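For reference, data-v1.cif (mmCIF, C-alpha atoms):
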```
data_protein
#
loop_
_atom_site.label_atom_id
_atom_site.label_comp_id
_atom_site.auth_asym_id
_atom_site.auth_seq_id
_atom_site.Cartn_x
_atom_site.Cartn_y
_atom_site.Cartn_z
CA ASP Q 1 94.65 106.73 110.94
CA GLY Q 2 92.56 107.28 107.79
CA PHE Q 3 95.17 109.41 105.99
CA ASP Q 4 96.71 108.35 102.67
CA ASP Q 5 100.47 108.08 102.92
CA MET Q 6 103.09 108.22 100.17
CA ILE Q 7 105.56 105.54 99.14
CA TYR Q 8 108.02 105.45 96.26
CA TYR Q 9 110.57 103.10 94.77
CA ARG Q 10 112.35 104.25 91.61
CA TYR Q 11 114.66 101.58 90.20
CA GLY Q 12 117.67 102.27 87.98
CA VAL Q 13 117.88 106.03 88.42
CA ASP Q 14 119.50 107.62 85.34
CA GLY Q 15 120.00 104.15 83.87
CA ASP Q 16 122.22 102.91 86.71
CA PRO Q 17 120.81 99.54 87.89
CA ASN Q 18 122.53 100.02 91.25
CA HIS Q 19 120.97 103.43 91.98
CA HIS Q 20 117.50 103.46 93.53
CA GLN Q 21 115.30 106.00 95.24
CA ILE Q 22 113.09 104.43 97.88
CA GLY Q 23 111.12 105.75 100.81
CA ALA Q 24 107.84 106.37 102.55
CA TYR Q 25 106.17 109.33 104.18
CA ARG Q 26 103.29 109.23 106.63
CA ASN Q 27 100.51 111.75 106.27
CA THR Q 28 100.09 113.11 109.80
CA GLY Q 29 97.02 115.15 108.94
CA ASN Q 30 99.12 118.28 109.46
CA GLY Q 31 101.92 117.48 107.01
CA TRP Q 32 104.37 114.73 106.17
CA ALA Q 33 106.78 112.74 108.34
CA LEU Q 34 109.40 110.27 107.14
CA ALA Q 35 108.10 106.76 107.83
CA ASP Q 36 110.07 103.94 109.37
CA GLN Q 37 112.01 101.85 106.84
CA LYS Q 38 109.68 98.87 107.37
CA PHE Q 39 107.08 100.87 105.41
CA PHE Q 40 109.35 101.35 102.38
CA PRO Q 41 107.88 99.47 99.39
CA PRO Q 42 109.33 95.98 98.91
CA TRP Q 43 109.20 96.11 95.10
CA HIS Q 44 110.09 98.81 92.56
CA ILE Q 45 107.14 100.89 91.40
CA SER Q 46 108.88 102.74 88.58
CA ALA Q 47 112.08 102.47 86.55
CA ASP Q 48 113.70 105.01 84.29
CA GLY Q 49 112.83 104.33 80.65
CA LYS Q 50 110.56 101.36 81.41
CA GLY Q 51 107.09 102.86 81.67
CA ASP Q 52 104.35 101.10 83.62
CA LEU Q 53 105.82 98.24 85.68
CA GLY Q 54 102.46 96.67 86.50
CA VAL Q 55 102.38 97.62 90.19
CA ARG Q 56 98.95 98.27 91.67
CA PHE Q 57 97.63 98.78 95.19
CA VAL Q 58 94.51 96.89 96.17
CA ASP Q 59 93.27 95.30 99.39
CA ILE Q 60 93.62 91.63 98.38
CA ASP Q 61 92.78 90.19 101.81
CA HIS Q 62 90.04 92.62 102.93
CA ASP Q 63 91.85 93.75 106.09
CA GLY Q 64 91.47 97.46 105.33
CA PHE Q 65 95.09 97.94 104.19
CA ASP Q 66 96.11 98.45 100.56
CA ASP Q 67 98.42 95.65 99.45
CA MET Q 68 100.93 95.73 96.59
CA ILE Q 69 100.56 93.41 93.61
CA TYR Q 70 102.42 93.37 90.32
CA TYR Q 71 102.53 91.49 87.05
CA ARG Q 72 104.85 92.81 84.36
CA TYR Q 73 104.76 90.80 81.14
CA GLY Q 74 107.60 90.59 78.62
CA VAL Q 75 110.36 92.15 80.74
CA ASP Q 76 112.90 93.89 78.49
CA GLY Q 77 111.04 92.58 75.43
CA ASP Q 78 111.42 88.89 76.32
CA PRO Q 79 107.95 87.28 76.06
CA ASN Q 80 109.09 84.48 78.38
CA HIS Q 81 110.30 86.77 81.18
CA HIS Q 82 107.73 88.05 83.66
CA GLN Q 83 107.80 89.71 87.07
CA ILE Q 84 104.86 88.69 89.23
CA GLY Q 85 104.15 88.88 92.94
CA ALA Q 86 102.20 90.32 95.83
CA TYR Q 87 103.00 91.84 99.22
CA ARG Q 88 100.49 92.19 102.02
CA ASN Q 89 100.39 95.43 103.93
CA THR Q 90 100.22 94.23 107.54
CA GLY Q 91 99.72 97.71 108.97
CA ASN Q 92 103.18 97.32 110.45
CA GLY Q 93 105.16 96.86 107.22
CA TRP Q 94 105.10 94.50 104.25
CA ALA Q 95 105.03 90.69 104.07
CA LEU Q 96 105.34 88.51 100.99
CA ALA Q 97 101.87 87.20 100.18
CA ASP Q 98 101.11 83.59 99.41
CA SER Q 99 101.36 82.91 95.67
CA LYS Q 100 97.58 82.38 95.52
CA PHE Q 101 97.34 86.19 95.77
CA PHE Q 102 99.69 86.82 92.84
CA PRO Q 103 97.73 88.47 90.03
CA PRO Q 104 96.36 85.89 87.56
CA TRP Q 105 96.53 88.26 84.58
CA HIS Q 106 99.29 90.57 83.37
CA ILE Q 107 98.82 94.19 84.39
CA SER Q 108 101.43 95.79 82.13
CA ALA Q 109 103.79 94.78 79.35
CA ASP Q 110 107.09 96.30 78.30
CA GLY Q 111 106.54 98.35 75.17
CA LYS Q 112 102.76 98.31 75.64
CA GLY Q 113 102.21 99.84 79.08
CA ASP Q 114 98.92 99.48 80.95
CA LEU Q 115 96.96 96.43 79.75
CA GLY Q 116 93.56 97.53 81.03
CA VAL Q 117 93.41 95.76 84.40
CA ARG Q 118 91.23 97.42 87.03
CA PHE Q 119 89.96 96.41 90.46
CA ILE Q 120 86.36 96.62 91.58
CA ASP Q 121 84.05 94.49 93.69
CA VAL Q 122 81.91 93.08 90.88
CA ASN Q 123 79.96 90.55 92.97
CA HIS Q 124 79.43 92.73 96.09
CA ASP Q 125 81.15 90.36 98.53
CA GLY Q 126 83.45 93.06 99.93
CA TYR Q 127 86.56 91.87 98.04
CA ASP Q 128 88.11 93.74 95.12
CA ASP Q 129 88.00 91.62 91.97
CA MET Q 130 90.20 91.94 88.90
CA ILE Q 131 88.64 92.91 85.57
CA TYR Q 132 90.36 93.61 82.30
CA PHE Q 133 89.48 94.74 78.81
CA ARG Q 134 92.11 95.39 76.22
CA TRP Q 135 90.85 96.53 72.84
CA GLY Q 136 92.84 96.24 69.62
CA VAL Q 137 95.47 93.80 70.83
CA ASP Q 138 98.67 94.07 68.79
CA GLY Q 139 97.05 96.68 66.53
CA ASN Q 140 94.19 94.42 65.43
CA PRO Q 141 90.90 96.29 66.03
CA ASN Q 142 89.00 92.99 65.92
CA TYR Q 143 91.03 91.27 68.65
CA HIS Q 144 90.18 91.93 72.29
CA GLN Q 145 91.19 90.45 75.63
CA THR Q 146 88.56 90.61 78.33
CA GLY Q 147 87.89 88.81 81.56
CA VAL Q 148 87.15 88.78 85.27
CA TYR Q 149 88.92 87.11 88.16
CA LEU Q 150 87.02 87.01 91.43
CA ASN Q 151 88.87 87.54 94.69
CA THR Q 152 87.59 84.70 96.84
CA LYS Q 153 89.54 85.87 99.94
CA ASP Q 154 91.65 82.76 99.42
CA GLY Q 155 93.04 83.81 96.04
CA TRP Q 156 91.74 84.49 92.55
CA GLU Q 157 89.18 82.39 90.71
#
```
In structure tokens, write the structure found in this file.
Amino acid sequence: DGFDDMIYYRYGVDGDPNHHQIGAYRNTGNGWALADQKFFPPWHISADGKGDLGVRFVDIDHDGFDDMIYYRYGVDGDPNHHQIGAYRNTGNGWALADSKFFPPWHISADGKGDLGVRFIDVNHDGYDDMIYFRWGVDGNPNYHQTGVYLNTKDGWE
């Protein structure tokens, strides 16, 4: 319909891991209407006391619908624990995407927040690519992380 809608998923409200706030509202052009539950986000977007959880919305399959991807590095301070995945927006709800669409680079890290990942079509093929530049890694002004992953329509390269 061309109108941006609103979704939310707050995990661990007030520190209770069993308490969540989740929902979706459709923008009707004249106001807001509660959306069907199939439009509720399939993964938590925020969590009390956790900061940026690495969730981003980008059209990974070039179908005109914003999809949900996430890559959270170092969950709860454990450098070996990551949360990574992708869900396709089918226009009629969410579907787990093939792992080839999972982000190839971490988007956020516990204790560090946003790691500088952005999405833009760098090669003008109509697909949003992933770029990142993180300056001063771990407080070292001479250490940077930078790169590009192209969205090939069949995954990231």
Non-local contacts of Leu53 of chain Q (9 Å; all atoms listed in the file; under 2 positions in same chain excluded) as JSON, numbers by chain:
{"Q": [44, 45, 46, 47, 50, 51, 55, 70, 71, 72, 73, 83, 107, 108, 109, 110, 113, 114]}
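One distance worth recording is that between atom CA of Trp135 of chain Q and atom CA of Trp156 of chain Q, which is 23.1 Å.
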Would you mind reading off the distance between atom CA of His82 of chain Q and atom CA of Gln21 of chain Q, one decimal, in Å?
22.7 Å
Running the PyMOL selection byres ((chain Q and resi 147) around 10) on this model by hand, what would come out? Give it as a PyMOL selection string.
chain Q and resi 105+117+130-134+145-146+148-149
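Interatomic distance, atom CA of Val58 of chain Q against atom CA of Asp138 of chain Q: 27.8 Å.
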Name the residues, using the chain letters and numbers of the file, that sit within 9 Å of (111.1, 101.7, 93.9) when counting only C-alpha atoms, and give them as a compact mmCIF listing (two decimals) with C-alpha atoms, keeping the file's coordinate frame.
```
# COMPACT_ATOMS: atom_id res chain seq x y z
CA ILE Q 7 105.56 105.54 99.14
CA TYR Q 8 108.02 105.45 96.26
CA TYR Q 9 110.57 103.10 94.77
CA ARG Q 10 112.35 104.25 91.61
CA TYR Q 11 114.66 101.58 90.20
CA GLY Q 12 117.67 102.27 87.98
CA HIS Q 20 117.50 103.46 93.53
CA GLN Q 21 115.30 106.00 95.24
CA ILE Q 22 113.09 104.43 97.88
CA GLY Q 23 111.12 105.75 100.81
CA PHE Q 40 109.35 101.35 102.38
CA PRO Q 41 107.88 99.47 99.39
CA PRO Q 42 109.33 95.98 98.91
CA TRP Q 43 109.20 96.11 95.10
CA HIS Q 44 110.09 98.81 92.56
CA ILE Q 45 107.14 100.89 91.40
CA SER Q 46 108.88 102.74 88.58
CA ALA Q 47 112.08 102.47 86.55
```
Of Q:Glu157, Q:Asp36, Q:Asp16, Q:Asp59, the one nearest to Gly93 of chain Q when counting all atoms listed in the file is Q:Asp36
Using all atoms listed in the file, which protein or nucleic acid residues come within 10 Å of Gly91 of chain Q? Drop anything in the same chain fewer than 2 positions from it, and give the result as a short mmCIF file (atom, residue, chain, number, x, y, z; two decimals) with C-alpha atoms, keeping the file's coordinate frame.
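Below you can see around-v7.cif, which holds the result:
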```cif
data_model
loop_
_atom_site.label_atom_id
_atom_site.label_comp_id
_atom_site.auth_asym_id
_atom_site.auth_seq_id
_atom_site.Cartn_x
_atom_site.Cartn_y
_atom_site.Cartn_z
CA PHE Q 39 107.08 100.87 105.41
CA ASP Q 63 91.85 93.75 106.09
CA GLY Q 64 91.47 97.46 105.33
CA PHE Q 65 95.09 97.94 104.19
CA ASP Q 66 96.11 98.45 100.56
CA ASP Q 67 98.42 95.65 99.45
CA ARG Q 88 100.49 92.19 102.02
CA ASN Q 89 100.39 95.43 103.93
CA GLY Q 93 105.16 96.86 107.22
CA TRP Q 94 105.10 94.50 104.25
#
```
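Comparing the minimum interatomic distances between Ser99 of chain Q and each of Q:Ala35, Q:Ile120, Q:Val75, Q:Ile69, counting all atoms listed in the file, we find that Q:Ile69 sits nearest.
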Please write as JSON, numbers by chain the full residue list that the PyMOL selection byres ((chain Q and resi 97) around 9) yields on this file.
{"Q": [85, 86, 87, 88, 94, 95, 96, 98, 99, 100, 101, 102]}
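Residue nearest Gln37 of chain Q within the list Q:His62, Q:Gly77, Q:Ala24, Q:Phe119: Q:Ala24 [criterion: smallest interatomic distance, all atoms listed in the file].
Residue nearest Asn30 of chain Q, chosen from Q:Phe3, Q:His124, Q:Ile60, Q:Gly136 and counting all atoms listed in the file: Q:Phe3.
Nearest-residue note for Ala33 of chain Q: choosing from Q:Met6, Q:Pro79, Q:Asp128, Q:Asn140, the minimum distance belongs to Q:Met6, counting only C-alpha atoms.
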Around segment 89-102 of chain Q, fit a box with edges along x, y and z, padding it by 8 Å on each side, then list its centre and edge lengths in Å to one decimal as AutoDock Vina command-line options.
```
--center_x 101.3 --center_y 90.0 --center_z 101.6 --size_x 24.0 --size_y 31.3 --size_z 33.6
```
